[in-house]
Amino acid sequence: MAIERTFSIIKPDATARNLTGKIVARLEGAGLKVVAQKRLRMTRAVAEGFYAVHRERPFFNDLCAFMSSGPVVVQVLEGEGAIARNREVMGATDPKKAAPGTIRAEFAENIERNSVHGSDAPETAAQEIAYFFSAIEIVG
Ligand code: CMP
């Protein structure tokens with residue numbers, strides 16, 4: 001399988017509970033390498049731009065309020081089949097449906113406060129990485 005890069009966010013519910021290190025350990029344990037990482041607080045406008053694809057969804061406003069409510073850790077993860085591997089280790093969006101042992105099954109509070117985000121396809125991974133990182137910040 002090809003070496004890929006994917007984009008990941010450790011969300012405000014997780015940083016608030018000091019879970020950054022535990023989540024990074026899960027990602028690394030799954031064979032993903034952190035090749036870029038920074039902690040920041042999104043403005044409302046930055047969150048709205050990031051989630052623009054969900055603009056018409058009923059949860060959009062609450063989601064953007066939550067994502068700008070506290071610090072996040074944005075990351076670029078690299079590895080074989082990194083997009084699918086990250087989605088596997090995160091588990092389903094809704095923690096009630098997430099497989100046992102996944103990050104969301106273990107740490108997420110609910111479908112909104114679900115601890116992590118990961119890109120769903122190569123095109124979105126490239127877009128999401130470029131939204132937060134410049135090329136010089138990514139070191140494989
Ligand atoms: P994420 O992978 O960051 O992508 C969009 C986010 O919207 C999702 O994780 C959830 O945190 C959030 N969300 C809130 N409500 C819903 C819902 N009903 N269905 C899907 N996603 C939701």
# chains A, B, ... in the order shown; residues from 1 in each chain; ligands from 1
>>> closest_atom_pairs(of="chain A", to="ligand 1", cutoff="9 Å", atoms="only C-alpha atoms and all ligand atoms", output="tab-separated table")
residue	atom	partner	partner_atom_place_in_ligand_line	distance
A:Ile9	CA	ligand 1	3 (O)	7.8
A:Lys11	CA	ligand 1	3 (O)	8.2
A:Tyr51	CA	ligand 1	5 (C)	7.0
A:His54	CA	ligand 1	5 (C)	7.3
A:Arg57	CA	ligand 1	17 (C)	8.3
A:Pro58	CA	ligand 1	18 (N)	7.8
A:Phe59	CA	ligand 1	15 (N)	5.1
A:Phe60	CA	ligand 1	7 (O)	7.2
A:Asp62	CA	ligand 1	14 (C)	7.7
A:Leu63	CA	ligand 1	12 (C)	5.9
A:Cys64	CA	ligand 1	7 (O)	8.8
A:Met67	CA	ligand 1	3 (O)	8.8
A:Ala92	CA	ligand 1	2 (O)	8.9
A:Thr93	CA	ligand 1	9 (O)	5.7
A:Asp94	CA	ligand 1	20 (C)	7.4
A:Asn110	CA	ligand 1	11 (O)	8.1
A:Ile111	CA	ligand 1	11 (O)	5.3
A:Glu112	CA	ligand 1	11 (O)	3.7
A:Arg113	CA	ligand 1	11 (O)	5.9
A:Asn114	CA	ligand 1	11 (O)	5.4
A:Ser115	CA	ligand 1	11 (O)	7.9
A:Val116	CA	ligand 1	3 (O)	6.6
A:His117	CA	ligand 1	2 (O)	4.2
A:Gly118	CA	ligand 1	2 (O)	5.8
A:Ser119	CA	ligand 1	2 (O)	7.3
A:Asp120	CA	ligand 1	2 (O)	8.2
>>> write_last_selection(atoms="C-alpha atoms", output="PDB file, in the first residue's frame")
ATOM      1  CA  ILE A   9      -7.574  17.223  14.674  1.00  0.00           C
ATOM      2  CA  LYS A  11     -10.750  18.385  19.297  1.00  0.00           C
ATOM      3  CA  TYR A  51     -16.364  22.660   7.789  1.00  0.00           C
ATOM      4  CA  HIS A  54     -21.372  20.835   6.155  1.00  0.00           C
ATOM      5  CA  ARG A  57     -26.405  20.497   7.845  1.00  0.00           C
ATOM      6  CA  PRO A  58     -28.510  21.132  10.974  1.00  0.00           C
ATOM      7  CA  PHE A  59     -25.486  20.633  13.247  1.00  0.00           C
ATOM      8  CA  PHE A  60     -23.248  23.178  11.431  1.00  0.00           C
ATOM      9  CA  ASP A  62     -23.199  24.001  16.992  1.00  0.00           C
ATOM     10  CA  LEU A  63     -20.206  22.228  15.407  1.00  0.00           C
ATOM     11  CA  CYS A  64     -18.440  25.507  14.570  1.00  0.00           C
ATOM     12  CA  MET A  67     -14.638  23.682  17.396  1.00  0.00           C
ATOM     13  CA  ALA A  92     -17.174   5.662  13.876  1.00  0.00           C
ATOM     14  CA  THR A  93     -18.216   9.353  14.100  1.00  0.00           C
ATOM     15  CA  ASP A  94     -20.882   8.485  16.686  1.00  0.00           C
ATOM     16  CA  ASN A 110     -21.011  12.276  22.040  1.00  0.00           C
ATOM     17  CA  ILE A 111     -21.313  12.653  18.242  1.00  0.00           C
ATOM     18  CA  GLU A 112     -20.277  16.327  18.383  1.00  0.00           C
ATOM     19  CA  ARG A 113     -17.695  16.139  21.175  1.00  0.00           C
ATOM     20  CA  ASN A 114     -16.082  13.144  19.507  1.00  0.00           C
ATOM     21  CA  SER A 115     -12.435  13.886  20.347  1.00  0.00           C
ATOM     22  CA  VAL A 116     -10.863  13.566  16.883  1.00  0.00           C
ATOM     23  CA  HIS A 117     -11.342  14.425  13.223  1.00  0.00           C
ATOM     24  CA  GLY A 118      -9.677  12.638  10.306  1.00  0.00           C
ATOM     25  CA  SER A 119      -9.828  13.231   6.550  1.00  0.00           C
ATOM     26  CA  ASP A 120     -12.125  10.901   4.594  1.00  0.00           C
TER      27      ASP A 120
END
>>> residues_around(residues="Glu88 of chain A", least_positions_apart="2", cutoff="12 Å", atoms="only C-alpha atoms", output="PyMOL selection string")
chain A and resi 26-27+30-32+81-86+90-93+98-105+117-120
>>> atom_distance(atom1="atom CA of Gly49 of chain A", atom2="atom CA of Thr6 of chain A")
18.3 Å
>>> atom_distance(atom1="atom CA of Val76 of chain A", atom2="atom CA of Ala25 of chain A")
14.6 Å
>>> atom_distance(atom1="atom CA of Ile3 of chain A", atom2="atom CA of Val34 of chain A")
13.3 Å
>>> residues_around(residues="Phe7 of chain A", least_positions_apart="4", cutoff="8 Å", atoms="only C-alpha atoms", output="list in words")
Val74, Gln75, Val76, Leu77, Gly118, Ser119, Ala125, Ala126, Glu128 and Ile129 of chain A
>>> select_by_dssp(residues="segment 32-125 of chain A", states="alpha helix (DSSP H)", output="PyMOL selection string")
chain A and resi 44-50+60-67+82-90+103-107+122-125
>>> decode(residues="segment 23-44 of chain A", atoms="N, CA and C atoms", output="CSV table (one decimal), in the first residue's frame")
chain,number,residue,atom,x,y,z
A,23,ILE,N,-4.0,10.3,23.0
A,23,ILE,CA,-4.5,10.1,21.6
A,23,ILE,C,-3.3,10.0,20.6
A,24,VAL,N,-2.2,10.8,20.8
A,24,VAL,CA,-1.1,10.7,19.9
A,24,VAL,C,-0.5,9.3,20.1
A,25,ALA,N,-0.4,8.7,21.3
A,25,ALA,CA,0.1,7.4,21.5
A,25,ALA,C,-0.7,6.3,20.7
A,26,ARG,N,-2.0,6.5,20.7
A,26,ARG,CA,-2.9,5.6,19.9
A,26,ARG,C,-2.6,5.7,18.4
A,27,LEU,N,-2.4,6.9,17.9
A,27,LEU,CA,-2.1,7.1,16.5
A,27,LEU,C,-0.8,6.5,16.1
A,28,GLU,N,0.2,6.8,17.0
A,28,GLU,CA,1.6,6.2,16.7
A,28,GLU,C,1.6,4.7,16.8
A,29,GLY,N,0.8,4.2,17.8
A,29,GLY,CA,0.7,2.7,18.0
A,29,GLY,C,0.1,2.0,16.8
A,30,ALA,N,-0.7,2.8,16.0
A,30,ALA,CA,-1.4,2.3,14.8
A,30,ALA,C,-0.5,2.4,13.6
A,31,GLY,N,0.8,2.9,13.8
A,31,GLY,CA,1.7,2.9,12.7
A,31,GLY,C,1.7,4.3,12.0
A,32,LEU,N,1.0,5.3,12.5
A,32,LEU,CA,1.0,6.6,11.9
A,32,LEU,C,2.1,7.5,12.5
A,33,LYS,N,2.8,8.2,11.7
A,33,LYS,CA,3.9,9.1,12.1
A,33,LYS,C,3.4,10.5,12.1
A,34,VAL,N,3.6,11.3,13.2
A,34,VAL,CA,3.2,12.7,13.2
A,34,VAL,C,4.3,13.5,12.5
A,35,VAL,N,4.0,14.0,11.3
A,35,VAL,CA,5.0,14.7,10.5
A,35,VAL,C,4.8,16.2,10.6
A,36,ALA,N,3.7,16.6,11.2
A,36,ALA,CA,3.5,18.1,11.5
A,36,ALA,C,2.4,18.1,12.6
A,37,GLN,N,2.6,19.1,13.5
A,37,GLN,CA,1.6,19.2,14.6
A,37,GLN,C,1.7,20.6,15.2
A,38,LYS,N,0.5,21.2,15.5
A,38,LYS,CA,0.5,22.5,16.3
A,38,LYS,C,-0.8,22.6,17.0
A,39,ARG,N,-0.7,23.3,18.2
A,39,ARG,CA,-1.9,23.6,19.0
A,39,ARG,C,-2.3,25.0,18.7
A,40,LEU,N,-3.6,25.2,18.5
A,40,LEU,CA,-4.1,26.5,18.2
A,40,LEU,C,-5.6,26.6,18.6
A,41,ARG,N,-6.1,27.8,18.6
A,41,ARG,CA,-7.5,28.0,18.8
A,41,ARG,C,-8.2,28.5,17.6
A,42,MET,N,-9.1,27.8,17.0
A,42,MET,CA,-9.7,28.3,15.8
A,42,MET,C,-10.6,29.5,16.1
A,43,THR,N,-10.6,30.5,15.2
A,43,THR,CA,-11.7,31.5,15.3
A,43,THR,C,-13.0,30.8,14.7
A,44,ARG,N,-14.1,31.4,15.0
A,44,ARG,CA,-15.4,30.9,14.4
A,44,ARG,C,-15.3,30.9,12.9
